[in-house]
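Chemist: Before I ask anything, let me first share the structure, which is written out below as structure tokens.
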Amino acid sequence: MPIRQLSETMVNQIAAGEVIERPASVVKELVENAVDAGATRIEIATAGGGLSLIRVTDDGFGIAAGELALAVSRHCTSKLGNDIHDIRSLGFRGEALPSIGSVSRLSIRSRTADGEAAEITVEGGRVSAVKPAGANRGTAVEVRDLFYATPARLKFMKGERAEASAIADVIRRIAIAFPNIRFTLSGSDRSTLDFTTAGDRLKRIAQVMGVEFPENSLAIDAAREGVRLDGHVSIPSYSRANALQQYVYVNGRPVRDRLIASAIRGAFADTLARDRHAVAALFLSLDPALVDVNVHPAKADVRFRDPGLVRGLIVGAIREALAGAGIRPASTGAA
Ligand code: ADP
Ligand code: MG
């Protein structure tokens, strides 16, 4: 075959392969967009584990009718100026909406404070004309029949309940980072959540992780060379069989980071059995120039300029908190 340029839809479907792994990835992208739009209330509704329907409604600043077509075009974003190192929003790649539109039936209805409400739809990559619509200020994004256009991906879905629980997990993670936003999740799958505006972070942590967690935890607050770590870790007696209850944030962004997970494990090496895991809500704050969030399209990985510093800070701060609470390494009976 001669070399030719791929069609826009194929390029978007290839990108979707990385950005949109499962329904929970769609929810993550849409909720991040709502947060970036300054919403105070974000409602998520799903059906069929998100495979038949995901609807995210926000009261944010909306998209002007004249910009709807750009919003669903690849590499189009309102969030990045000319400096890739200056990222203040959750999104910045301009990939989510075109990717989602290439593999599903997507509709976006939006109204800005002083504009006309309008709607655009994308079906398997085909973009409609912008039409007038009724809408409150804010944006409602609806995704139906996810992966209908990419049956190979559809086959990898784990079943409605697993997908619904991954969606709830995504919302819990983001909700802890934004206690002033109300999040509700409703679905046909009995997985409902309602995190009312909490005002402060510890209240939101209790809403999401349960009131027992703050009661069974130690406060962490430490800094080293301009990197700050604060939050809470559980006392060793309040541990879990897996690490799913570790909520970690870098500059307010939920991350899943191996270095941080391994530092937490290291900090508890003397006080927790190998098969037990601490519960944690930890927040790292550092100069954005010292951390790269542009490692993977899903933006959950980060890379630190000085991993040793971050690891040392986490291990040191947690060990100090344990020692301060009089929690000593468990006797191993080896003496
Ligand atoms: P990114 O978030 O990386 O900019 P997206 O594809 O997720 O890329 O969104 C493209 C653009 O559409 C955003 O930059 C923003 O301007 C607009 N947009 C998307 N969702 C919303 C929303 N809920 N409210 C306001 N604007 C939105
Ligand atoms: Mg986005």
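Note on naming: chains are A, B, ... as they come in the structure tokens, residues start from 1 per chain, ligands start from 1 in the order shown.
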Kindly provide, as a ChimeraX atom specification, all nucleotide and amino acid residues lying within 10 Å of ligand 2, counting only C-alpha atoms and all ligand atoms.
Modeler: /A:26,28-37,71,77-79,89-97
Chemist: Taking 2 positions as the minimum chain separation for residues in the same chain, which residues sit within 8 Å of Gly226 in chain A when counting only C-alpha atoms? Answer as a list in words.
Modeler: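 My list of contacting residues is Ala223, Arg224, Arg228, Leu286 and Asp287 of chain A.
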Chemist: Check the smallest atom-to-atom distance from each of A:Ile100, A:Ala69, A:Val170, A:Val143 to Lys131 in chain A using only C-alpha atoms, then report the winner.
Modeler: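 Among the listed residues, A:Ala69 lies closest to Lys131 in chain A.
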Chemist: For ligand 1, which of A:Ala278, A:Leu284, A:Leu80, A:Leu229 is the closest residue, counting only C-alpha atoms and all ligand atoms?
Modeler: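 Smallest separation from ligand 1 among the options: A:Leu80.
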Chemist: Ranking A:Pro297, A:Ala243, A:Ala149, A:Asp230 by minimum distance to ligand 1 and counting only C-alpha atoms and all ligand atoms, which one comes first?
Modeler: A:Pro297
Chemist: Would you please work out which residue, of A:Ala162, A:Ala267, A:Ile176, A:Ala15, is nearest to Gly50 in chain A when using only C-alpha atoms?
Modeler: A:Ala162
Chemist: Need the shell around Phe156 in chain A: protein/DNA/RNA residues with any atom at most 12 Å away, counting only C-alpha atoms. Skip same-chain ones fewer than 4 positions apart. Format as a list in words?
Modeler: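 Answer for this query is Gly17, Glu21, Arg22, Pro23, Leu51, Phe147, Thr150, Pro151, Ala152, Glu160, Ala162 and Glu163 of chain A.
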Chemist: Keeping only C-alpha atoms, write the selected residues as a compact mmCIF listing (two decimals), in the first residue's frame.
Modeler:
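Writing the result to again24.txt gives the following:
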# COMPACT_ATOMS: atom_id res chain seq x y z
CA GLY A 17 -7.39 3.65 22.50
CA GLU A 21 -9.90 2.65 28.13
CA ARG A 22 -13.30 2.05 29.71
CA PRO A 23 -16.44 3.92 30.79
CA LEU A 51 -21.61 1.50 28.36
CA PHE A 147 -17.32 1.66 21.87
CA THR A 150 -14.83 -0.08 18.03
CA PRO A 151 -16.24 -3.57 18.75
CA ALA A 152 -12.78 -4.96 19.59
CA GLU A 160 -21.67 -3.73 34.15
CA ALA A 162 -17.20 -3.84 37.51
CA GLU A 163 -17.50 -0.83 35.20
Chemist: As a PyMOL selection string, list the residues of range 102-231 of chain A assigned to strand (DSSP E or B) by DSSP on the backbone atoms of this structure.
Modeler: chain A and resi 105-111+118-123+126-127+131-132+138-144+182-187+193-195+217-224+227-231
Chemist: Could those selected residues go to a file with C-alpha atoms, as a PDB file, in the first residue's frame?
Modeler:
ATOM      1  CA  ARG A 105     -22.665   8.749  20.129  1.00  0.00           C
ATOM      2  CA  LEU A 106     -21.757  12.026  21.817  1.00  0.00           C
ATOM      3  CA  SER A 107     -23.941  15.052  22.325  1.00  0.00           C
ATOM      4  CA  ILE A 108     -22.973  18.314  24.002  1.00  0.00           C
ATOM      5  CA  ARG A 109     -25.483  20.939  25.008  1.00  0.00           C
ATOM      6  CA  SER A 110     -24.205  24.122  26.513  1.00  0.00           C
ATOM      7  CA  ARG A 111     -24.927  27.725  27.354  1.00  0.00           C
ATOM      8  CA  ALA A 118     -26.716  25.211  21.463  1.00  0.00           C
ATOM      9  CA  GLU A 119     -26.064  21.545  20.805  1.00  0.00           C
ATOM     10  CA  ILE A 120     -23.639  19.517  18.723  1.00  0.00           C
ATOM     11  CA  THR A 121     -23.517  15.771  18.194  1.00  0.00           C
ATOM     12  CA  VAL A 122     -20.764  13.415  17.066  1.00  0.00           C
ATOM     13  CA  GLU A 123     -21.545   9.840  16.010  1.00  0.00           C
ATOM     14  CA  ARG A 126     -19.223  12.259  12.213  1.00  0.00           C
ATOM     15  CA  VAL A 127     -19.791  15.791  13.503  1.00  0.00           C
ATOM     16  CA  LYS A 131     -28.233  23.573  16.438  1.00  0.00           C
ATOM     17  CA  PRO A 132     -30.072  25.812  18.888  1.00  0.00           C
ATOM     18  CA  GLY A 138     -23.451  25.168  32.003  1.00  0.00           C
ATOM     19  CA  THR A 139     -22.873  22.048  30.011  1.00  0.00           C
ATOM     20  CA  ALA A 140     -24.511  18.647  29.651  1.00  0.00           C
ATOM     21  CA  VAL A 141     -22.493  15.990  27.862  1.00  0.00           C
ATOM     22  CA  GLU A 142     -24.148  12.729  26.944  1.00  0.00           C
ATOM     23  CA  VAL A 143     -22.276   9.650  25.752  1.00  0.00           C
ATOM     24  CA  ARG A 144     -24.349   6.752  24.449  1.00  0.00           C
ATOM     25  CA  ARG A 182     -21.112  18.912  45.010  1.00  0.00           C
ATOM     26  CA  PHE A 183     -20.876  15.586  43.202  1.00  0.00           C
ATOM     27  CA  THR A 184     -23.779  13.237  42.634  1.00  0.00           C
ATOM     28  CA  LEU A 185     -23.754   9.901  40.873  1.00  0.00           C
ATOM     29  CA  SER A 186     -26.913   8.066  39.978  1.00  0.00           C
ATOM     30  CA  GLY A 187     -27.192   4.932  37.957  1.00  0.00           C
ATOM     31  CA  LEU A 193     -23.138   8.788  45.568  1.00  0.00           C
ATOM     32  CA  ASP A 194     -23.938  12.230  46.896  1.00  0.00           C
ATOM     33  CA  PHE A 195     -21.100  14.330  48.235  1.00  0.00           C
ATOM     34  CA  SER A 217      -5.536   8.311  61.295  1.00  0.00           C
ATOM     35  CA  LEU A 218      -2.547  10.529  61.945  1.00  0.00           C
ATOM     36  CA  ALA A 219      -2.218  14.002  60.488  1.00  0.00           C
ATOM     37  CA  ILE A 220       0.782  14.538  58.243  1.00  0.00           C
ATOM     38  CA  ASP A 221       2.274  17.930  57.543  1.00  0.00           C
ATOM     39  CA  ALA A 222       5.878  18.191  56.467  1.00  0.00           C
ATOM     40  CA  ALA A 223       8.010  20.056  53.966  1.00  0.00           C
ATOM     41  CA  ARG A 224      11.442  19.645  52.495  1.00  0.00           C
ATOM     42  CA  VAL A 227       7.978  20.258  48.533  1.00  0.00           C
ATOM     43  CA  ARG A 228       5.076  19.981  50.965  1.00  0.00           C
ATOM     44  CA  LEU A 229       3.211  16.865  52.038  1.00  0.00           C
ATOM     45  CA  ASP A 230       0.038  16.996  54.058  1.00  0.00           C
ATOM     46  CA  GLY A 231      -2.987  14.817  54.685  1.00  0.00           C
TER      47      GLY A 231
END
Chemist: Find the residue from A:Leu6, A:Ala263, A:Ile87, A:Leu53 that sits nearest to Val315 in chain A; use only C-alpha atoms when measuring.
Modeler: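 Looking at the shortest contact to Val315 in chain A, the residue is A:Ala263.
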Chemist: Could you pull out the alpha helix (DSSP H) residues of range 43-283 of chain A, going by DSSP on the backbone, and write them as a PDB file with C-alpha atoms, in the first residue's frame?
Modeler:
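Generated file (result-v7.pdb):
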ATOM      1  CA  LEU A  68     -18.824  23.884  20.005  1.00  0.00           C
ATOM      2  CA  ALA A  69     -17.313  22.591  16.770  1.00  0.00           C
ATOM      3  CA  LEU A  70     -13.813  23.422  18.031  1.00  0.00           C
ATOM      4  CA  ALA A  71     -14.494  21.676  21.359  1.00  0.00           C
ATOM      5  CA  ALA A  96     -10.921  13.828  25.251  1.00  0.00           C
ATOM      6  CA  LEU A  97     -14.012  15.036  23.391  1.00  0.00           C
ATOM      7  CA  PRO A  98     -12.831  14.119  19.859  1.00  0.00           C
ATOM      8  CA  SER A  99     -11.657  10.726  21.148  1.00  0.00           C
ATOM      9  CA  ILE A 100     -14.974  10.025  22.862  1.00  0.00           C
ATOM     10  CA  GLY A 101     -16.892  11.232  19.792  1.00  0.00           C
ATOM     11  CA  SER A 102     -14.988   8.839  17.556  1.00  0.00           C
ATOM     12  CA  VAL A 103     -16.069   5.731  19.474  1.00  0.00           C
ATOM     13  CA  PRO A 151     -16.242  -3.569  18.750  1.00  0.00           C
ATOM     14  CA  ALA A 152     -12.781  -4.963  19.590  1.00  0.00           C
ATOM     15  CA  ARG A 153     -12.579  -2.604  22.587  1.00  0.00           C
ATOM     16  CA  LEU A 154     -16.149  -3.354  23.618  1.00  0.00           C
ATOM     17  CA  GLU A 160     -21.671  -3.728  34.149  1.00  0.00           C
ATOM     18  CA  ARG A 161     -20.965  -4.048  37.852  1.00  0.00           C
ATOM     19  CA  ALA A 162     -17.195  -3.839  37.506  1.00  0.00           C
ATOM     20  CA  GLU A 163     -17.504  -0.825  35.203  1.00  0.00           C
ATOM     21  CA  ALA A 164     -19.999   0.869  37.554  1.00  0.00           C
ATOM     22  CA  SER A 165     -17.674   0.414  40.481  1.00  0.00           C
ATOM     23  CA  ALA A 166     -14.706   1.817  38.517  1.00  0.00           C
ATOM     24  CA  ILE A 167     -16.871   4.871  37.755  1.00  0.00           C
ATOM     25  CA  ALA A 168     -17.683   5.375  41.438  1.00  0.00           C
ATOM     26  CA  ASP A 169     -13.977   5.093  42.241  1.00  0.00           C
ATOM     27  CA  VAL A 170     -13.075   7.824  39.742  1.00  0.00           C
ATOM     28  CA  ILE A 171     -15.650  10.139  41.292  1.00  0.00           C
ATOM     29  CA  ARG A 172     -14.427   9.466  44.833  1.00  0.00           C
ATOM     30  CA  ARG A 173     -10.871  10.299  43.813  1.00  0.00           C
ATOM     31  CA  ILE A 174     -11.768  13.577  42.159  1.00  0.00           C
ATOM     32  CA  ALA A 175     -14.259  14.528  44.885  1.00  0.00           C
ATOM     33  CA  ILE A 176     -11.575  14.534  47.589  1.00  0.00           C
ATOM     34  CA  ALA A 177      -9.593  17.100  45.618  1.00  0.00           C
ATOM     35  CA  ARG A 201     -11.091  18.819  52.884  1.00  0.00           C
ATOM     36  CA  LEU A 202     -11.267  16.699  56.007  1.00  0.00           C
ATOM     37  CA  LYS A 203     -15.076  16.721  55.882  1.00  0.00           C
ATOM     38  CA  ARG A 204     -14.979  15.583  52.270  1.00  0.00           C
ATOM     39  CA  ILE A 205     -12.447  12.881  53.172  1.00  0.00           C
ATOM     40  CA  ALA A 206     -14.895  11.623  55.803  1.00  0.00           C
ATOM     41  CA  GLN A 207     -17.757  11.659  53.255  1.00  0.00           C
ATOM     42  CA  VAL A 208     -15.732   9.671  50.748  1.00  0.00           C
ATOM     43  CA  MET A 209     -13.614   7.386  52.940  1.00  0.00           C
ATOM     44  CA  GLU A 212     -13.815   6.081  60.845  1.00  0.00           C
ATOM     45  CA  PHE A 213     -10.823   7.002  58.750  1.00  0.00           C
ATOM     46  CA  PRO A 214     -10.089  10.449  60.278  1.00  0.00           C
ATOM     47  CA  GLU A 215     -10.669   8.884  63.713  1.00  0.00           C
ATOM     48  CA  ARG A 258       4.331   3.936  41.882  1.00  0.00           C
ATOM     49  CA  LEU A 259       6.962   5.995  43.614  1.00  0.00           C
ATOM     50  CA  ILE A 260       4.436   7.373  46.106  1.00  0.00           C
ATOM     51  CA  ALA A 261       2.780   3.988  46.666  1.00  0.00           C
ATOM     52  CA  SER A 262       6.148   2.412  47.314  1.00  0.00           C
ATOM     53  CA  ALA A 263       7.151   5.238  49.690  1.00  0.00           C
ATOM     54  CA  ILE A 264       3.967   4.664  51.713  1.00  0.00           C
ATOM     55  CA  ARG A 265       4.750   0.950  51.845  1.00  0.00           C
ATOM     56  CA  GLY A 266       8.309   1.717  52.907  1.00  0.00           C
ATOM     57  CA  ALA A 267       7.135   4.030  55.685  1.00  0.00           C
TER      58      ALA A 267
END
Chemist: Between A:Gly60, A:Gly134, A:Gly49, A:Gly66, which residue has the minimum interatomic distance to ligand 1, considering only C-alpha atoms and all ligand atoms?
Modeler: A:Gly60
Chemist: Could you please determine the separation between CA of Ser52 in chain A and CA of Ala133 in chain A in Å, to one decimal place?
Modeler: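 Rounded to one decimal, the two atoms are 23.0 Å apart.
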